[in-house]
Amino acid sequence: MPALWIAHVTVTDPDAYAKYAELAGPAIAQHGGKFIARGGRFVQLEGQERARNVVARFPSVEDAEACYNSPEYQRALDHARGASERELLIVETNE
């Protein structure tokens, strides 16, 4: 079943985070991920607000998790650590 990769992010170092975004996009695509929302307008109804919200669709939870654990994504993630506060989750869809 398809899965959604959902990230809620507050960027604290825009230059370092830009390098993360540059590297993360290709790593996500390499694992079958496609962005369906990336930093667009949002309405926070509950919980902690984060200025940047990203949703990518993957063929499966396993594909999304493989992406996260891949050397390519981990290399990108090195630039996000210390440059952002983030929550990231993968959730299986009903489709």
# chains A, B, ... in the order shown; residues from 1 in each chain; ligands from 1

$ residues_around --residues "segment 43-52 of chain A" --least-positions-apart "6" --cutoff "8 Å" --atoms "only C-alpha atoms" --output "list in words"
His8, Val9, Thr10 and Val11 of chain A

$ write_last_selection --atoms "all heavy atoms" --output "PDB file, in the first residue's frame"
ATOM      1  N   HIS A   8       7.303  18.033   9.408  1.00  0.00           N
ATOM      2  CA  HIS A   8       6.957  19.349   9.937  1.00  0.00           C
ATOM      3  C   HIS A   8       8.278  19.968  10.403  1.00  0.00           C
ATOM      4  O   HIS A   8       8.969  19.373  11.239  1.00  0.00           O
ATOM      5  CB  HIS A   8       5.986  19.243  11.109  1.00  0.00           C
ATOM      6  CG  HIS A   8       4.740  18.480  10.769  1.00  0.00           C
ATOM      7  ND1 HIS A   8       3.773  18.982   9.934  1.00  0.00           N
ATOM      8  CD2 HIS A   8       4.332  17.254  11.134  1.00  0.00           C
ATOM      9  CE1 HIS A   8       2.813  18.091   9.807  1.00  0.00           C
ATOM     10  NE2 HIS A   8       3.128  17.032  10.525  1.00  0.00           N
ATOM     11  N   VAL A   9       8.630  21.133   9.864  1.00  0.00           N
ATOM     12  CA  VAL A   9       9.980  21.660  10.038  1.00  0.00           C
ATOM     13  C   VAL A   9       9.971  23.142  10.395  1.00  0.00           C
ATOM     14  O   VAL A   9       9.226  23.921   9.810  1.00  0.00           O
ATOM     15  CB  VAL A   9      10.794  21.480   8.731  1.00  0.00           C
ATOM     16  CG1 VAL A   9      12.237  21.935   8.920  1.00  0.00           C
ATOM     17  CG2 VAL A   9      10.728  20.044   8.229  1.00  0.00           C
ATOM     18  N   THR A  10      10.833  23.501  11.337  1.00  0.00           N
ATOM     19  CA  THR A  10      11.198  24.881  11.586  1.00  0.00           C
ATOM     20  C   THR A  10      12.663  25.010  11.206  1.00  0.00           C
ATOM     21  O   THR A  10      13.521  24.344  11.797  1.00  0.00           O
ATOM     22  CB  THR A  10      11.006  25.273  13.063  1.00  0.00           C
ATOM     23  OG1 THR A  10       9.625  25.118  13.402  1.00  0.00           O
ATOM     24  CG2 THR A  10      11.432  26.715  13.314  1.00  0.00           C
ATOM     25  N   VAL A  11      12.957  25.820  10.208  1.00  0.00           N
ATOM     26  CA  VAL A  11      14.329  26.006   9.736  1.00  0.00           C
ATOM     27  C   VAL A  11      15.007  27.053  10.611  1.00  0.00           C
ATOM     28  O   VAL A  11      14.493  28.154  10.788  1.00  0.00           O
ATOM     29  CB  VAL A  11      14.341  26.428   8.254  1.00  0.00           C
ATOM     30  CG1 VAL A  11      15.757  26.723   7.788  1.00  0.00           C
ATOM     31  CG2 VAL A  11      13.694  25.353   7.385  1.00  0.00           C
TER      32      VAL A  11
END

$ select_by_dssp --residues "chain A" --states "strand (DSSP E or B)" --output "PyMOL selection string"
chain A and resi 3-11+34-38+52-58+81+84-92

$ write_last_selection --atoms "N, CA, C and O atoms" --output "tab-separated table (two decimals), in the first residue's frame"
chain	number	residue	atom	x	y	z
A	3	ALA	N	2.31	5.00	0.88
A	3	ALA	CA	2.58	5.63	2.17
A	3	ALA	C	2.90	7.09	1.97
A	3	ALA	O	3.39	7.49	0.90
A	4	LEU	N	2.64	7.89	3.00
A	4	LEU	CA	2.98	9.30	3.00
A	4	LEU	C	4.11	9.55	3.99
A	4	LEU	O	4.09	9.03	5.11
A	5	TRP	N	5.07	10.32	3.54
A	5	TRP	CA	6.19	10.79	4.35
A	5	TRP	C	5.82	12.22	4.71
A	5	TRP	O	5.63	13.06	3.83
A	6	ILE	N	5.63	12.50	5.98
A	6	ILE	CA	5.15	13.81	6.42
A	6	ILE	C	6.18	14.43	7.35
A	6	ILE	O	6.51	13.85	8.39
A	7	ALA	N	6.66	15.61	6.95
A	7	ALA	CA	7.65	16.32	7.75
A	7	ALA	C	7.10	17.68	8.15
A	7	ALA	O	6.51	18.39	7.33
A	8	HIS	N	7.30	18.03	9.41
A	8	HIS	CA	6.96	19.35	9.94
A	8	HIS	C	8.28	19.97	10.40
A	8	HIS	O	8.97	19.37	11.24
A	9	VAL	N	8.63	21.13	9.86
A	9	VAL	CA	9.98	21.66	10.04
A	9	VAL	C	9.97	23.14	10.40
A	9	VAL	O	9.23	23.92	9.81
A	10	THR	N	10.83	23.50	11.34
A	10	THR	CA	11.20	24.88	11.59
A	10	THR	C	12.66	25.01	11.21
A	10	THR	O	13.52	24.34	11.80
A	11	VAL	N	12.96	25.82	10.21
A	11	VAL	CA	14.33	26.01	9.74
A	11	VAL	C	15.01	27.05	10.61
A	11	VAL	O	14.49	28.15	10.79
A	34	LYS	N	7.38	11.00	-4.43
A	34	LYS	CA	6.95	12.16	-5.22
A	34	LYS	C	6.35	13.17	-4.26
A	34	LYS	O	5.46	12.83	-3.46
A	35	PHE	N	6.82	14.41	-4.35
A	35	PHE	CA	6.29	15.45	-3.48
A	35	PHE	C	4.87	15.80	-3.89
A	35	PHE	O	4.59	16.01	-5.06
A	36	ILE	N	3.98	15.86	-2.89
A	36	ILE	CA	2.62	16.32	-3.16
A	36	ILE	C	2.33	17.63	-2.41
A	36	ILE	O	1.36	18.30	-2.73
A	37	ALA	N	3.17	17.97	-1.45
A	37	ALA	CA	3.09	19.27	-0.77
A	37	ALA	C	4.50	19.59	-0.28
A	37	ALA	O	5.17	18.72	0.28
A	38	ARG	N	4.91	20.82	-0.53
A	38	ARG	CA	6.28	21.18	-0.17
A	38	ARG	C	6.34	22.65	0.20
A	38	ARG	O	6.55	23.50	-0.65
A	52	ARG	N	7.35	25.06	7.90
A	52	ARG	CA	7.51	24.30	6.65
A	52	ARG	C	6.92	22.91	6.85
A	52	ARG	O	7.26	22.21	7.79
A	53	ASN	N	6.06	22.52	5.93
A	53	ASN	CA	5.42	21.21	5.97
A	53	ASN	C	5.59	20.55	4.61
A	53	ASN	O	5.35	21.18	3.59
A	54	VAL	N	6.02	19.30	4.62
A	54	VAL	CA	6.32	18.58	3.39
A	54	VAL	C	5.63	17.22	3.43
A	54	VAL	O	5.69	16.51	4.44
A	55	VAL	N	4.99	16.85	2.32
A	55	VAL	CA	4.38	15.54	2.19
A	55	VAL	C	4.87	14.93	0.88
A	55	VAL	O	4.78	15.56	-0.18
A	56	ALA	N	5.39	13.71	0.97
A	56	ALA	CA	5.80	12.97	-0.22
A	56	ALA	C	5.08	11.62	-0.20
A	56	ALA	O	4.86	11.04	0.86
A	57	ARG	N	4.71	11.17	-1.37
A	57	ARG	CA	4.02	9.88	-1.51
A	57	ARG	C	5.04	8.85	-2.00
A	57	ARG	O	5.77	9.11	-2.96
A	58	PHE	N	5.06	7.69	-1.35
A	58	PHE	CA	5.94	6.58	-1.71
A	58	PHE	C	5.08	5.37	-2.06
A	58	PHE	O	3.94	5.25	-1.60
A	81	ARG	N	20.43	18.48	10.33
A	81	ARG	CA	20.70	18.41	11.77
A	81	ARG	C	21.42	19.69	12.19
A	81	ARG	O	22.39	20.09	11.58
A	84	SER	N	17.68	22.77	11.74
A	84	SER	CA	16.23	22.72	11.79
A	84	SER	C	15.76	21.95	13.01
A	84	SER	O	16.51	21.18	13.61
A	85	GLU	N	14.50	22.18	13.35
A	85	GLU	CA	13.79	21.36	14.32
A	85	GLU	C	12.72	20.66	13.51
A	85	GLU	O	11.98	21.31	12.76
A	86	ARG	N	12.62	19.32	13.62
A	86	ARG	CA	11.76	18.56	12.71
A	86	ARG	C	11.04	17.43	13.40
A	86	ARG	O	11.54	16.87	14.36
A	87	GLU	N	9.91	17.12	12.86
A	87	GLU	CA	9.23	15.86	13.13
A	87	GLU	C	9.02	15.22	11.77
A	87	GLU	O	8.69	15.91	10.80
A	88	LEU	N	9.22	13.92	11.69
A	88	LEU	CA	9.06	13.20	10.44
A	88	LEU	C	8.38	11.87	10.75
A	88	LEU	O	8.77	11.18	11.68
A	89	LEU	N	7.35	11.55	9.97
A	89	LEU	CA	6.69	10.27	10.15
A	89	LEU	C	6.30	9.71	8.79
A	89	LEU	O	6.20	10.44	7.80
A	90	ILE	N	6.10	8.42	8.78
A	90	ILE	CA	5.62	7.71	7.58
A	90	ILE	C	4.31	7.05	7.98
A	90	ILE	O	4.23	6.39	9.02
A	91	VAL	N	3.29	7.24	7.16
A	91	VAL	CA	2.00	6.64	7.45
A	91	VAL	C	1.45	5.96	6.19
A	91	VAL	O	1.52	6.52	5.10
A	92	GLU	N	0.99	4.74	6.36
A	92	GLU	CA	0.41	3.99	5.24
A	92	GLU	C	-0.96	4.57	4.90
A	92	GLU	O	-1.73	4.92	5.79

$ residues_around --residues "Ala18 of chain A" --least-positions-apart "6" --cutoff "12 Å" --atoms "only C-alpha atoms" --output "ChimeraX atom specification"
/A:11-12,24-25,76-80,83-84

$ write_last_selection --atoms "all heavy atoms" --output "short mmCIF file (atom, residue, chain, number, x, y, z; two decimals), in the first residue's frame"
data_model
loop_
_atom_site.label_atom_id
_atom_site.label_comp_id
_atom_site.auth_asym_id
_atom_site.auth_seq_id
_atom_site.Cartn_x
_atom_site.Cartn_y
_atom_site.Cartn_z
N VAL A 11 12.96 25.82 10.21
CA VAL A 11 14.33 26.01 9.74
C VAL A 11 15.01 27.05 10.61
O VAL A 11 14.49 28.15 10.79
CB VAL A 11 14.34 26.43 8.25
CG1 VAL A 11 15.76 26.72 7.79
CG2 VAL A 11 13.69 25.35 7.39
N THR A 12 16.18 26.71 11.14
CA THR A 12 16.94 27.63 11.99
C THR A 12 18.20 28.14 11.30
O THR A 12 18.78 29.13 11.74
CB THR A 12 17.30 26.96 13.33
OG1 THR A 12 18.04 25.76 13.06
CG2 THR A 12 16.05 26.62 14.13
N ALA A 24 18.19 16.09 -0.62
CA ALA A 24 17.09 15.22 -0.21
C ALA A 24 16.14 14.92 -1.37
O ALA A 24 15.66 13.79 -1.50
CB ALA A 24 16.32 15.83 0.96
N GLY A 25 15.85 15.91 -2.19
CA GLY A 25 14.92 15.72 -3.30
C GLY A 25 15.30 14.55 -4.20
O GLY A 25 14.47 13.66 -4.44
N ALA A 76 22.14 13.88 3.05
CA ALA A 76 21.33 15.10 3.04
C ALA A 76 20.96 15.50 4.46
O ALA A 76 21.06 16.68 4.84
CB ALA A 76 20.07 14.89 2.20
N LEU A 77 20.55 14.53 5.25
CA LEU A 77 20.09 14.79 6.62
C LEU A 77 21.18 15.40 7.49
O LEU A 77 20.89 16.18 8.40
CB LEU A 77 19.57 13.49 7.23
CG LEU A 77 18.74 13.59 8.49
CD1 LEU A 77 17.56 14.53 8.30
CD2 LEU A 77 18.27 12.21 8.91
N ASP A 78 22.44 15.10 7.18
CA ASP A 78 23.54 15.72 7.93
C ASP A 78 23.45 17.24 7.88
O ASP A 78 23.85 17.92 8.83
CB ASP A 78 24.89 15.27 7.36
CG ASP A 78 25.25 13.84 7.77
OD1 ASP A 78 24.65 13.31 8.73
OD2 ASP A 78 26.12 13.26 7.11
N HIS A 79 22.92 17.80 6.79
CA HIS A 79 22.81 19.26 6.65
C HIS A 79 21.59 19.80 7.39
O HIS A 79 21.56 20.99 7.74
CB HIS A 79 22.73 19.64 5.17
CG HIS A 79 23.97 19.29 4.43
ND1 HIS A 79 25.11 20.05 4.48
CD2 HIS A 79 24.26 18.24 3.64
CE1 HIS A 79 26.05 19.49 3.73
NE2 HIS A 79 25.55 18.39 3.22
N ALA A 80 20.59 18.97 7.65
CA ALA A 80 19.39 19.41 8.36
C ALA A 80 19.60 19.39 9.87
O ALA A 80 19.01 20.21 10.58
CB ALA A 80 18.20 18.53 7.99
N ALA A 83 20.32 22.54 11.75
CA ALA A 83 19.80 23.63 10.91
C ALA A 83 18.28 23.69 10.95
O ALA A 83 17.69 24.52 10.27
CB ALA A 83 20.28 23.45 9.47
N SER A 84 17.68 22.77 11.74
CA SER A 84 16.23 22.72 11.79
C SER A 84 15.76 21.95 13.01
O SER A 84 16.51 21.18 13.61
CB SER A 84 15.68 22.04 10.53
OG SER A 84 16.13 20.70 10.47
#

$ select_by_dssp --residues "chain A" --states "alpha helix (DSSP H)" --output "VMD selection string"
chain A and resid 14 to 30 61 to 69 71 to 80

$ closest_residue --among "A:Gly39, A:Arg75, A:Pro59, A:Ala66" --to "Glu22 of chain A" --atoms "only C-alpha atoms"
A:Arg75

$ atom_distance --atom1 "atom CA of Ser60 of chain A" --atom2 "atom CA of Glu72 of chain A"
18.7 Å

$ atom_distance --atom1 "atom CA of Gln74 of chain A" --atom2 "atom CA of Leu23 of chain A"
9.6 Å

$ atom_distance --atom1 "atom CA of His31 of chain A" --atom2 "atom CA of Met1 of chain A"
14.9 Å

$ closest_residue --among "A:Ala16, A:Gly82, A:Glu65, A:Glu95" --to "Gly33 of chain A" --atoms "only C-alpha atoms"
A:Glu65
